[in-house]
>>> print(open('structure07.cif').read())   # mmCIF, C-alpha atoms and all ligand atoms
data_final
loop_
_atom_site.label_atom_id
_atom_site.label_comp_id
_atom_site.auth_asym_id
_atom_site.auth_seq_id
_atom_site.Cartn_x
_atom_site.Cartn_y
_atom_site.Cartn_z
CA MET A 1 -94.20 -173.16 -23.58
CA GLU A 2 -97.79 -172.70 -24.70
CA ILE A 3 -100.07 -173.76 -21.91
CA LYS A 4 -103.21 -174.44 -23.96
CA SER A 5 -101.46 -177.19 -25.90
CA CYS A 6 -100.85 -179.11 -22.63
CA SER A 7 -102.75 -182.34 -22.07
CA ARG A 8 -104.53 -183.08 -18.80
CA GLU A 9 -101.61 -185.32 -17.80
CA GLU A 10 -99.07 -182.60 -18.50
CA LEU A 11 -101.03 -180.07 -16.44
CA SER A 12 -101.32 -182.57 -13.58
CA ALA A 13 -97.56 -183.18 -13.68
CA LEU A 14 -96.97 -179.44 -13.70
CA MET A 15 -99.19 -178.84 -10.66
CA LYS A 16 -97.40 -181.61 -8.81
CA GLU A 17 -94.05 -180.08 -9.69
CA LEU A 18 -95.28 -176.73 -8.35
CA GLY A 19 -96.41 -178.38 -5.12
CA GLN A 20 -100.09 -177.77 -5.83
CA PRO A 21 -102.99 -180.07 -4.95
CA ALA A 22 -104.22 -182.30 -7.81
CA PHE A 23 -107.55 -180.45 -8.31
CA ARG A 24 -105.70 -177.37 -9.54
CA ALA A 25 -104.98 -179.09 -12.86
CA LYS A 26 -108.70 -179.35 -13.59
CA GLN A 27 -109.28 -175.73 -12.58
CA VAL A 28 -106.54 -174.49 -14.90
CA PHE A 29 -107.78 -176.72 -17.71
CA GLN A 30 -111.32 -175.39 -17.37
CA TRP A 31 -110.22 -171.75 -17.37
CA LEU A 32 -108.06 -172.24 -20.44
CA HIS A 33 -110.79 -173.91 -22.44
CA ARG A 34 -113.33 -171.29 -21.47
CA GLY A 35 -111.15 -168.73 -23.24
CA VAL A 36 -109.60 -166.60 -20.49
CA GLU A 37 -107.40 -163.87 -21.90
CA SER A 38 -104.97 -163.64 -19.00
CA PHE A 39 -103.87 -165.78 -16.06
CA ASP A 40 -105.31 -163.10 -13.75
CA GLU A 41 -108.81 -164.13 -14.80
CA MET A 42 -108.26 -167.53 -13.13
CA SER A 43 -109.81 -166.17 -9.98
CA ASN A 44 -109.94 -169.35 -7.93
CA LEU A 45 -106.18 -169.94 -8.16
CA PRO A 46 -103.81 -168.59 -5.50
CA LYS A 47 -102.02 -165.45 -6.65
CA ASP A 48 -98.53 -166.95 -6.42
CA LEU A 49 -99.58 -169.83 -8.70
CA ARG A 50 -100.96 -167.39 -11.25
CA GLU A 51 -97.66 -165.49 -11.14
CA ARG A 52 -95.65 -168.71 -11.65
CA LEU A 53 -97.77 -169.66 -14.63
CA LYS A 54 -97.47 -166.18 -16.09
CA ALA A 55 -93.69 -166.33 -15.82
CA GLN A 56 -93.35 -169.80 -17.32
CA TYR A 57 -96.10 -170.10 -19.90
CA VAL A 58 -97.51 -168.35 -22.93
CA LEU A 59 -101.29 -167.95 -23.02
CA THR A 60 -102.30 -167.60 -26.67
CA VAL A 61 -105.14 -165.16 -27.39
CA PRO A 62 -105.87 -164.70 -31.11
CA GLN A 63 -107.10 -161.27 -32.18
CA VAL A 64 -109.85 -160.61 -34.72
CA GLU A 65 -108.02 -159.10 -37.70
CA ARG A 66 -111.11 -159.20 -39.95
CA LYS A 67 -114.67 -160.43 -39.55
CA GLN A 68 -117.14 -160.84 -42.39
CA VAL A 69 -120.79 -161.76 -41.92
CA SER A 70 -122.78 -163.07 -44.87
CA LYS A 71 -126.03 -161.23 -45.53
CA LEU A 72 -127.27 -164.28 -47.39
CA ASP A 73 -127.04 -166.96 -44.70
CA GLY A 74 -125.33 -165.56 -41.60
CA THR A 75 -122.06 -167.43 -42.23
CA ILE A 76 -119.26 -165.69 -40.32
CA LYS A 77 -115.69 -165.67 -41.47
CA TYR A 78 -112.92 -164.73 -39.07
CA LEU A 79 -109.38 -163.82 -39.93
CA TRP A 80 -107.38 -164.35 -36.72
CA ARG A 81 -104.05 -162.71 -35.97
CA LEU A 82 -101.84 -165.09 -34.04
CA GLN A 83 -99.22 -164.22 -31.43
CA ASP A 84 -96.44 -163.98 -34.06
CA GLY A 85 -98.48 -161.82 -36.48
CA ASN A 86 -99.42 -164.62 -38.87
CA CYS A 87 -103.07 -164.94 -39.83
CA VAL A 88 -105.41 -167.91 -40.24
CA GLU A 89 -109.10 -168.22 -41.09
CA SER A 90 -112.06 -169.93 -39.44
CA VAL A 91 -115.65 -170.02 -40.71
CA LEU A 92 -118.82 -170.48 -38.67
CA MET A 93 -121.68 -171.98 -40.66
CA HIS A 94 -125.26 -172.65 -39.65
CA TYR A 95 -126.73 -175.98 -40.67
CA GLN A 96 -129.86 -177.80 -39.63
CA HIS A 97 -127.70 -180.27 -37.72
CA GLY A 98 -126.08 -177.44 -35.74
CA ASN A 99 -123.40 -174.79 -35.91
CA THR A 100 -120.27 -175.96 -37.65
CA ILE A 101 -116.85 -174.39 -37.48
CA CYS A 102 -114.25 -174.89 -40.16
CA VAL A 103 -110.77 -174.53 -38.64
CA SER A 104 -107.29 -174.05 -40.07
CA CYS A 105 -104.34 -176.15 -38.92
CA GLU A 106 -101.43 -174.47 -40.70
CA VAL A 107 -100.40 -171.01 -41.87
CA GLY A 108 -100.38 -171.67 -45.62
CA CYS A 109 -99.99 -175.16 -47.05
CA LEU A 110 -97.30 -177.33 -48.63
CA MET A 111 -99.53 -179.45 -50.82
CA GLY A 112 -99.83 -177.26 -53.92
CA CYS A 113 -103.33 -178.25 -55.10
CA ALA A 114 -104.06 -176.34 -58.32
CA PHE A 115 -107.49 -175.02 -57.30
CA CYS A 116 -106.72 -173.97 -53.72
CA ALA A 117 -106.00 -170.44 -52.51
CA SER A 118 -104.40 -171.62 -49.23
CA THR A 119 -101.34 -173.08 -50.89
CA LEU A 120 -100.43 -170.18 -53.17
CA GLY A 121 -97.73 -168.81 -50.86
CA GLY A 122 -96.52 -172.21 -49.63
CA LEU A 123 -96.31 -173.27 -45.99
CA VAL A 124 -95.29 -170.64 -43.46
CA ARG A 125 -95.63 -172.75 -40.31
CA ARG A 126 -97.74 -175.36 -38.60
CA LEU A 127 -100.15 -174.40 -35.80
CA SER A 128 -99.87 -175.78 -32.29
CA ALA A 129 -102.74 -177.79 -30.82
CA GLY A 130 -103.64 -174.77 -28.68
CA GLU A 131 -103.79 -172.48 -31.71
CA ILE A 132 -106.18 -174.84 -33.49
CA LEU A 133 -108.27 -175.10 -30.34
CA ASP A 134 -108.27 -171.30 -29.91
CA GLN A 135 -110.29 -170.97 -33.11
CA VAL A 136 -113.10 -173.05 -31.60
CA ILE A 137 -112.94 -171.35 -28.21
CA PHE A 138 -112.76 -167.79 -29.52
CA VAL A 139 -115.27 -168.15 -32.36
CA GLN A 140 -117.68 -169.48 -29.75
CA LYS A 141 -116.85 -166.63 -27.39
CA GLU A 142 -116.81 -163.86 -30.00
CA SER A 143 -119.98 -164.93 -31.83
CA GLY A 144 -121.89 -165.92 -28.68
CA GLN A 145 -123.03 -169.02 -30.55
CA PRO A 146 -122.43 -172.58 -29.37
CA ILE A 147 -120.48 -174.83 -31.72
CA HIS A 148 -121.74 -178.36 -32.33
CA ASN A 149 -119.54 -179.66 -35.14
CA ILE A 150 -115.99 -179.16 -36.31
CA VAL A 151 -114.57 -179.67 -39.77
CA MET A 152 -110.83 -179.50 -40.31
CA MET A 153 -111.17 -178.07 -43.81
CA GLY A 154 -109.62 -174.65 -43.41
CA ILE A 155 -106.09 -173.63 -44.33
CA GLY A 156 -103.48 -176.41 -44.19
CA GLU A 157 -103.21 -180.16 -44.36
CA PRO A 158 -104.22 -181.75 -41.03
CA LEU A 159 -102.20 -184.92 -41.54
CA ASP A 160 -99.08 -182.86 -42.32
CA ASN A 161 -99.40 -181.53 -38.76
CA PHE A 162 -100.26 -184.90 -37.29
CA ASP A 163 -99.18 -184.64 -33.65
CA ALA A 164 -100.72 -181.22 -33.07
CA VAL A 165 -103.97 -182.28 -34.74
CA LEU A 166 -104.18 -185.43 -32.65
CA ARG A 167 -103.56 -183.42 -29.49
CA PHE A 168 -106.20 -180.88 -30.59
CA LEU A 169 -108.74 -183.70 -31.06
CA GLU A 170 -108.01 -185.01 -27.58
CA LEU A 171 -108.36 -181.54 -26.04
CA VAL A 172 -111.54 -180.48 -27.84
CA ASN A 173 -113.14 -183.81 -26.97
CA ASP A 174 -112.58 -183.38 -23.22
CA PRO A 175 -115.80 -183.13 -21.14
CA ASP A 176 -114.17 -180.43 -18.95
CA GLY A 177 -113.29 -178.39 -22.01
CA VAL A 178 -115.18 -177.65 -25.23
CA ASN A 179 -116.59 -181.18 -25.16
CA ILE A 180 -117.28 -181.94 -28.80
CA GLY A 181 -117.69 -185.64 -29.52
CA MET A 182 -115.55 -187.35 -32.17
CA ARG A 183 -118.64 -188.18 -34.20
CA HIS A 184 -119.14 -184.44 -34.64
CA ILE A 185 -115.66 -183.92 -36.06
CA SER A 186 -114.42 -184.34 -39.64
CA VAL A 187 -110.79 -184.37 -40.64
CA SER A 188 -110.08 -183.67 -44.29
CA THR A 189 -106.91 -184.81 -46.04
CA CYS A 190 -105.43 -184.58 -49.52
CA GLY A 191 -104.53 -188.26 -49.06
CA LEU A 192 -101.25 -188.76 -47.18
CA THR A 193 -101.53 -192.54 -47.02
CA ASP A 194 -98.90 -193.26 -44.35
CA LYS A 195 -100.62 -190.78 -42.06
CA ILE A 196 -104.08 -192.17 -42.84
CA ASP A 197 -102.77 -195.56 -41.69
CA LYS A 198 -101.37 -193.94 -38.56
CA LEU A 199 -104.68 -192.22 -37.85
CA ALA A 200 -106.54 -195.51 -38.32
CA SER A 201 -104.45 -197.08 -35.57
CA HIS A 202 -105.89 -194.55 -33.11
CA GLN A 203 -109.39 -195.87 -33.82
CA LEU A 204 -111.13 -192.52 -33.47
CA GLN A 205 -114.83 -192.22 -34.24
CA LEU A 206 -114.36 -189.11 -36.34
CA THR A 207 -115.23 -188.80 -40.03
CA LEU A 208 -112.33 -188.91 -42.43
CA SER A 209 -112.83 -186.88 -45.60
CA VAL A 210 -110.49 -187.65 -48.44
CA SER A 211 -110.08 -184.94 -51.06
CA LEU A 212 -110.20 -187.08 -54.15
CA HIS A 213 -111.16 -184.66 -56.94
CA ALA A 214 -110.42 -187.19 -59.69
CA PRO A 215 -110.62 -190.98 -60.04
CA ASP A 216 -107.75 -191.26 -62.56
CA ASP A 217 -104.06 -190.60 -62.01
CA GLU A 218 -103.59 -188.25 -64.93
CA THR A 219 -106.24 -185.78 -63.77
CA ARG A 220 -105.56 -186.19 -60.06
CA SER A 221 -101.82 -185.61 -60.50
CA ARG A 222 -102.58 -182.52 -62.52
CA LEU A 223 -104.84 -181.10 -59.80
CA MET A 224 -102.99 -182.46 -56.75
CA PRO A 225 -99.19 -182.87 -56.80
CA VAL A 226 -99.46 -185.26 -53.82
CA ASN A 227 -100.88 -187.85 -56.23
CA ARG A 228 -97.64 -188.05 -58.19
CA SER A 229 -96.01 -190.07 -55.45
CA VAL A 230 -98.98 -192.15 -54.26
CA GLY A 231 -101.50 -192.69 -57.04
CA VAL A 232 -105.21 -193.43 -56.92
CA ASP A 233 -104.85 -197.25 -56.62
CA LYS A 234 -102.75 -196.95 -53.48
CA LEU A 235 -105.02 -194.25 -52.08
CA PHE A 236 -108.13 -196.44 -52.43
CA ALA A 237 -106.29 -199.43 -50.96
CA CYS A 238 -105.44 -197.22 -47.99
CA CYS A 239 -109.05 -196.01 -47.66
CA LYS A 240 -110.17 -199.62 -47.63
CA ARG A 241 -107.74 -200.42 -44.81
CA TYR A 242 -109.00 -197.36 -42.93
CA PHE A 243 -112.58 -198.58 -43.18
CA GLU A 244 -111.63 -202.11 -42.15
CA THR A 245 -109.70 -200.89 -39.11
CA THR A 246 -112.11 -198.22 -37.85
CA GLY A 247 -115.50 -199.29 -39.26
CA ARG A 248 -115.99 -195.67 -40.30
CA ARG A 249 -117.11 -194.83 -43.83
CA ILE A 250 -114.99 -192.31 -45.66
CA SER A 251 -116.40 -189.21 -47.26
CA TYR A 252 -114.80 -188.38 -50.62
CA GLU A 253 -114.60 -184.70 -51.51
CA TYR A 254 -114.85 -183.92 -55.20
CA ALA A 255 -114.57 -180.27 -56.27
CA MET A 256 -116.02 -180.08 -59.76
CA VAL A 257 -113.82 -178.34 -62.29
CA ASP A 258 -115.11 -177.41 -65.73
CA GLY A 259 -113.84 -179.78 -68.41
CA VAL A 260 -111.23 -181.34 -66.13
CA ASN A 261 -112.85 -183.87 -63.79
CA ASP A 262 -116.54 -183.66 -64.70
CA HIS A 263 -116.74 -186.12 -67.62
CA ASP A 264 -119.10 -189.09 -67.69
CA TRP A 265 -116.23 -191.55 -67.92
CA GLN A 266 -114.83 -190.12 -64.68
CA ALA A 267 -118.18 -190.65 -62.92
CA ASP A 268 -118.15 -194.24 -64.18
CA LEU A 269 -114.57 -194.83 -63.05
CA LEU A 270 -115.31 -193.32 -59.65
CA ALA A 271 -118.37 -195.55 -59.22
CA LYS A 272 -116.26 -198.56 -60.16
CA ARG A 273 -113.52 -197.66 -57.69
CA LEU A 274 -116.02 -197.20 -54.87
CA LYS A 275 -117.36 -200.74 -55.23
CA GLY A 276 -116.14 -202.64 -52.21
CA VAL A 277 -115.01 -199.49 -50.34
CA PRO A 278 -118.09 -198.15 -48.53
CA GLY A 279 -118.09 -194.41 -48.75
CA HIS A 280 -119.99 -191.37 -49.74
CA VAL A 281 -119.19 -188.72 -52.34
CA ASN A 282 -119.54 -185.03 -51.61
CA LEU A 283 -119.54 -182.97 -54.79
CA ILE A 284 -118.29 -179.43 -54.20
CA PRO A 285 -119.11 -176.65 -56.64
CA LEU A 286 -115.64 -175.17 -57.22
CA ASN A 287 -115.03 -171.84 -55.56
CA ASP A 288 -113.53 -169.49 -58.08
CA VAL A 289 -110.00 -168.57 -57.02
CA ARG A 290 -108.86 -165.43 -58.81
CA GLU A 291 -105.30 -166.64 -59.35
CA SER A 292 -106.40 -169.96 -60.88
CA PRO A 293 -107.49 -170.61 -64.50
CA LEU A 294 -109.76 -173.45 -63.29
CA LYS A 295 -113.47 -172.71 -63.53
CA PRO A 296 -116.54 -174.22 -61.83
CA SER A 297 -118.14 -177.16 -63.64
CA ARG A 298 -121.54 -176.78 -65.27
CA ARG A 299 -122.24 -180.51 -65.02
CA VAL A 300 -122.65 -181.05 -61.27
CA ARG A 301 -126.22 -182.41 -61.50
CA GLN A 302 -125.44 -184.73 -64.44
CA PHE A 303 -122.36 -186.06 -62.66
CA GLN A 304 -124.38 -186.61 -59.50
CA GLN A 305 -127.10 -188.48 -61.36
CA ARG A 306 -124.62 -190.67 -63.20
CA LEU A 307 -123.02 -191.68 -59.90
CA GLU A 308 -126.40 -192.30 -58.28
CA GLN A 309 -127.51 -194.51 -61.19
CA GLN A 310 -124.54 -196.72 -60.30
CA GLY A 311 -125.50 -196.98 -56.63
CA VAL A 312 -123.16 -194.35 -55.17
CA THR A 313 -124.39 -192.16 -52.30
CA VAL A 314 -123.81 -188.54 -53.36
CA THR A 315 -124.48 -185.16 -51.83
CA VAL A 316 -123.79 -181.74 -53.31
CA ARG A 317 -122.30 -179.24 -50.91
CA ARG A 318 -124.49 -176.23 -50.37
CA LYS A 319 -122.60 -173.03 -51.01
CA LEU A 320 -122.58 -170.81 -47.93
CA GLY A 321 -121.18 -167.35 -47.51
CA GLY A 322 -121.19 -166.64 -51.25
CA ASP A 323 -120.94 -162.89 -50.61
CA ILE A 324 -117.92 -163.02 -48.23
CA ASP A 325 -114.56 -164.53 -49.19
CA ALA A 326 -115.59 -167.84 -47.62
CA SER A 327 -113.44 -170.14 -49.72
CA CYS A 328 -110.52 -171.06 -47.53
CA GLY A 329 -107.35 -169.08 -47.93
CA GLN A 330 -108.93 -166.18 -49.79
CA LEU A 331 -109.34 -163.76 -46.92
CA ARG A 332 -105.81 -164.37 -45.67
CA ARG A 333 -104.41 -163.73 -49.15
CA LYS A 334 -106.41 -160.55 -49.56
CA ARG A 335 -105.07 -159.24 -46.26
CA MET A 336 -101.49 -160.16 -47.20
CA GLU A 337 -101.86 -158.25 -50.47
CA GLU A 338 -103.20 -155.18 -48.63
CA ILE A 339 -100.24 -155.26 -46.25
CA GLN A 340 -97.77 -155.58 -49.13
CA ASN A 341 -99.39 -152.73 -51.02
CA CYS A 342 -99.30 -150.21 -48.20
N1 LIG B 1 -105.74 -180.09 -46.83
C1 LIG B 1 -106.98 -180.72 -46.55
C2 LIG B 1 -108.00 -179.82 -45.91
C3 LIG B 1 -108.13 -178.40 -46.36
S1 LIG B 1 -109.00 -178.03 -47.83
C4 LIG B 1 -107.53 -181.38 -47.77
O1 LIG B 1 -106.91 -181.30 -48.83
O2 LIG B 1 -108.56 -182.03 -47.69
C5 LIG B 1 -110.67 -178.50 -47.56
C6 LIG B 1 -111.39 -178.93 -48.83
O3 LIG B 1 -111.62 -177.83 -49.69
C7 LIG B 1 -110.60 -179.94 -49.63
O4 LIG B 1 -111.44 -180.93 -50.13
C8 LIG B 1 -110.06 -179.07 -50.74
O5 LIG B 1 -109.65 -179.85 -51.83
C9 LIG B 1 -111.23 -178.16 -51.00
N2 LIG B 1 -110.94 -176.95 -51.75
C10 LIG B 1 -109.83 -176.19 -51.75
N3 LIG B 1 -109.95 -175.15 -52.61
C11 LIG B 1 -111.17 -175.24 -53.16
C12 LIG B 1 -111.88 -174.46 -54.13
N4 LIG B 1 -111.35 -173.40 -54.70
N5 LIG B 1 -113.12 -174.87 -54.44
C13 LIG B 1 -113.68 -175.97 -53.87
N6 LIG B 1 -113.07 -176.73 -52.96
C14 LIG B 1 -111.82 -176.39 -52.61
#
>>> encode(input="structure07.cif", output="structure tokens")
Amino acid sequence: MEIKSCSREELSALMKELGQPAFRAKQVFQWLHRGVESFDEMSNLPKDLRERLKAQYVLTVPQVERKQVSKLDGTIKYLWRLQDGNCVESVLMHYQHGNTICVSCEVGCLMGCAFCASTLGGLVRRLSAGEILDQVIFVQKESGQPIHNIVMMGIGEPLDNFDAVLRFLELVNDPDGVNIGMRHISVSTCGLTDKIDKLASHQLQLTLSVSLHAPDDETRSRLMPVNRSVGVDKLFACCKRYFETTGRRISYEYAMVDGVNDHDWQADLLAKRLKGVPGHVNLIPLNDVRESPLKPSRRVRQFQQRLEQQGVTVTVRRKLGGDIDASCGQLRRKRMEEIQNC
């Protein structure tokens, strides 16, 4: 059993079972979320309790396998080695609105998007809530910099690991732990509609980002296999329900690919689809992935203007960490290749 994935209630039940006073649960919770690396560091717990915990529970401590710091903007990319030897990436970025960490939720990814490096080797396994949380705790600890915002835009599909992600959100939101408010958290999805509906029912104040990347089925299915079973009509209907249930506007991610999804007619169709579904479009200059034939669009500004002329709110994502493999999945792949080659 991994102790950092335990909820407050589970820790309270455990302390009761071990015959401990109720306040011990809070003490253990605080130590865990501060990033202790062994149970022995929990200095205000009785020794026999520490021994019991050590015998029964696993305390995950990710190790820095690689660290890259951008000379351009100070962005830091971490490649973490997990307990079982698998690796995942996290990125720490500095924005005016605070330090933002991009976390991974799976080792690899099932979704098969054509432009994405994370999915090239398929899904290896899903992370536990504690392993997702570890990235926040240990990036904060290792960098010495406080984290203000979290984006779940690293390796993996958050809604494909629904229960662990929900538990992670609950843990990271706790005032006795890392204490990051839901309004400072974004969850990004390729558009798993049944799970978006499920998430809506939890009424969380987080920002949902939907990776759209095309407003028409032909292009979207080409870029994102997930679209073959759902389709853009159903996806937008689902986004509308999400907004109606939660009152939260959706952010639509749109990675611009040369000659594929950057035509004027696609801007017009996107603007049309967004009528009646309040939302905001985030255009992403495509990160070049070596293994992919897709190239970055040269029409980002024109596309932006065409959307704006039709009343759509649009931002263009600033590229950070251009000199370090900051596009998700790239550093992990590089390391895997090195291991295979030696
Ligand atoms: N699986 C989730 C979250 C992880 S990817 C999702 O699909 O949203 C985070 C974002 O980065 C997504 O919008 C994804 O489509 C985008 N992305 C992946 N590879 C990219 C690349 N090479 N260039 C630009 N954006 C990319």
>>> closest_residue(input="structure07.cif", among="A:Arg290, A:Arg335, A:Lys272, A:Arg50", to="ligand LIG 1 (chain B)", atoms="only C-alpha atoms and all ligand atoms")
A:Arg290
>>> closest_atom_pairs(input="structure07.cif", of="chain A", to="ligand LIG 1 (chain B)", cutoff="7 Å", atoms="all atoms listed in the file", output="CSV")
residue,atom,partner,partner_atom,distance
A:Phe115,CA,B:LIG1,N4,4.9
A:Cys116,CA,B:LIG1,N3,3.6
A:Ala117,CA,B:LIG1,N3,6.1
A:Met152,CA,B:LIG1,C2,6.3
A:Met153,CA,B:LIG1,C5,3.8
A:Gly154,CA,B:LIG1,C3,5.0
A:Ile155,CA,B:LIG1,C3,5.6
A:Gly156,CA,B:LIG1,N1,5.1
A:Glu157,CA,B:LIG1,N1,3.5
A:Pro158,CA,B:LIG1,N1,6.2
A:Ser188,CA,B:LIG1,O2,4.1
A:Thr189,CA,B:LIG1,O2,3.6
A:Cys190,CA,B:LIG1,O1,3.7
A:Ser209,CA,B:LIG1,O2,6.8
A:Val210,CA,B:LIG1,O2,6.0
A:Ser211,CA,B:LIG1,O4,4.3
A:Glu253,CA,B:LIG1,O4,5.1
A:Tyr254,CA,B:LIG1,O4,6.8
A:Ala255,CA,B:LIG1,C13,5.0
A:Ile284,CA,B:LIG1,C13,5.8
A:Pro285,CA,B:LIG1,C13,6.1
A:Leu286,CA,B:LIG1,N5,3.8
A:Asn287,CA,B:LIG1,N5,3.8
A:Asp288,CA,B:LIG1,N4,5.6
A:Val289,CA,B:LIG1,N4,5.5
A:Ser327,CA,B:LIG1,N4,6.3
A:Cys328,CA,B:LIG1,N3,6.5
>>> atom_distance(input="structure07.cif", atom1="atom CA of Glu244 of chain A", atom2="atom CA of Gln203 of chain A")
10.6 Å
>>> residues_around(input="structure07.cif", residues="Gly98 of chain A", least_positions_apart="3", cutoff="7 Å", atoms="all atoms listed in the file", output="JSON, numbers by chain")
{"A": [94, 95, 148, 149]}
>>> axis_aligned_box(input="structure07.cif", around="segment 184-189 of chain A", padding_each_side="6 Å", output="AutoDock Vina command-line options")
--center_x -113.0 --center_y -184.2 --center_z -40.3 --size_x 24.2 --size_y 13.1 --size_z 23.4
>>> closest_residue(input="structure07.cif", among="A:Asp194, A:Glu338, A:Glu106, A:Asp176", to="Ala164 of chain A", atoms="all atoms listed in the file")
A:Glu106
>>> atom_distance(input="structure07.cif", atom1="atom CA of Arg222 of chain A", atom2="atom CA of Leu270 of chain A")
16.9 Å
>>> residues_around(input="structure07.cif", residues="His263 of chain A", least_positions_apart="3", cutoff="12 Å", atoms="only C-alpha atoms", output="PDB file with C-alpha atoms, keeping the file's coordinate frame")
ATOM      1  CA  ALA A 214    -110.420-187.190 -59.690  1.00  0.00           C
ATOM      2  CA  PRO A 215    -110.620-190.980 -60.040  1.00  0.00           C
ATOM      3  CA  ASP A 216    -107.750-191.260 -62.560  1.00  0.00           C
ATOM      4  CA  THR A 219    -106.240-185.780 -63.770  1.00  0.00           C
ATOM      5  CA  MET A 256    -116.020-180.080 -59.760  1.00  0.00           C
ATOM      6  CA  VAL A 257    -113.820-178.340 -62.290  1.00  0.00           C
ATOM      7  CA  ASP A 258    -115.110-177.410 -65.730  1.00  0.00           C
ATOM      8  CA  GLY A 259    -113.840-179.780 -68.410  1.00  0.00           C
ATOM      9  CA  VAL A 260    -111.230-181.340 -66.130  1.00  0.00           C
ATOM     10  CA  GLN A 266    -114.830-190.120 -64.680  1.00  0.00           C
ATOM     11  CA  ALA A 267    -118.180-190.650 -62.920  1.00  0.00           C
ATOM     12  CA  ASP A 268    -118.150-194.240 -64.180  1.00  0.00           C
ATOM     13  CA  LEU A 269    -114.570-194.830 -63.050  1.00  0.00           C
ATOM     14  CA  LEU A 270    -115.310-193.320 -59.650  1.00  0.00           C
ATOM     15  CA  SER A 297    -118.140-177.160 -63.640  1.00  0.00           C
ATOM     16  CA  ARG A 298    -121.540-176.780 -65.270  1.00  0.00           C
ATOM     17  CA  ARG A 299    -122.240-180.510 -65.020  1.00  0.00           C
ATOM     18  CA  VAL A 300    -122.650-181.050 -61.270  1.00  0.00           C
ATOM     19  CA  ARG A 301    -126.220-182.410 -61.500  1.00  0.00           C
ATOM     20  CA  GLN A 302    -125.440-184.730 -64.440  1.00  0.00           C
ATOM     21  CA  PHE A 303    -122.360-186.060 -62.660  1.00  0.00           C
ATOM     22  CA  GLN A 304    -124.380-186.610 -59.500  1.00  0.00           C
ATOM     23  CA  ARG A 306    -124.620-190.670 -63.200  1.00  0.00           C
ATOM     24  CA  LEU A 307    -123.020-191.680 -59.900  1.00  0.00           C
TER      25      LEU A 307
END
>>> residues_around(input="structure07.cif", residues="Leu53 of chain A", least_positions_apart="4", cutoff="8 Å", atoms="all atoms listed in the file", output="JSON list (two decimals) with C-alpha atoms, in the coordinates of the input")
[["chain", "number", "residue", "atom", "x", "y", "z"],
["A", 39, "PHE", "CA", -103.87, -165.78, -16.06],
["A", 49, "LEU", "CA", -99.58, -169.83, -8.70],
["A", 57, "TYR", "CA", -96.10, -170.10, -19.90]]
>>> residues_around(input="structure07.cif", residues="Leu199 of chain A", least_positions_apart="3", cutoff="10 Å", atoms="all atoms listed in the file", output="VMD selection string")
chain A and resid 159 162 166 193 to 196 202 to 204 208 242 246
>>> closest_atom_pairs(input="structure07.cif", of="segment 46-120 of chain A", to="segment 136-143 of chain A", cutoff="12 Å", atoms="only C-alpha atoms", output="Markdown table")
| residue | atom | partner | partner_atom | distance |
| --- | --- | --- | --- | --- |
| A:Thr60 | CA | A:Phe138 | CA | 10.8 |
| A:Val61 | CA | A:Phe138 | CA | 8.3 |
| A:Pro62 | CA | A:Phe138 | CA | 7.7 |
| A:Gln63 | CA | A:Phe138 | CA | 9.0 |
| A:Val64 | CA | A:Glu142 | CA | 9.0 |
| A:Lys67 | CA | A:Glu142 | CA | 10.4 |
| A:Gln68 | CA | A:Ser143 | CA | 11.7 |
| A:Val69 | CA | A:Ser143 | CA | 10.6 |
| A:Gly74 | CA | A:Ser143 | CA | 11.2 |
| A:Thr75 | CA | A:Ser143 | CA | 10.9 |
| A:Ile76 | CA | A:Ser143 | CA | 8.6 |
| A:Lys77 | CA | A:Val139 | CA | 9.5 |
| A:Tyr78 | CA | A:Val139 | CA | 7.9 |
| A:Leu79 | CA | A:Val139 | CA | 10.5 |
| A:Trp80 | CA | A:Phe138 | CA | 9.6 |
| A:Arg81 | CA | A:Phe138 | CA | 12.0 |
| A:Glu89 | CA | A:Val139 | CA | 10.7 |
| A:Ser90 | CA | A:Val139 | CA | 8.0 |
| A:Val91 | CA | A:Val139 | CA | 8.6 |
| A:Leu92 | CA | A:Val139 | CA | 7.6 |
| A:Met93 | CA | A:Val139 | CA | 11.2 |
| A:Asn99 | CA | A:Gln140 | CA | 9.9 |
| A:Thr100 | CA | A:Val136 | CA | 9.8 |
| A:Ile101 | CA | A:Val136 | CA | 7.1 |
| A:Cys102 | CA | A:Val136 | CA | 8.8 |
| A:Val103 | CA | A:Val136 | CA | 7.6 |
| A:Ser104 | CA | A:Val136 | CA | 10.3 |
| A:Cys105 | CA | A:Val136 | CA | 11.8 |
>>> residues_around(input="structure07.cif", residues="segment 28-33 of chain A", least_positions_apart="4", cutoff="9 Å", atoms="only C-alpha atoms", output="ChimeraX atom specification")
/A:3-4,6-8,11,23-24,37,39,41-42,45,59,133-134,137,171-172,176-178
>>> atom_distance(input="structure07.cif", atom1="atom CA of His280 of chain A", atom2="atom CA of Arg248 of chain A")
11.1 Å
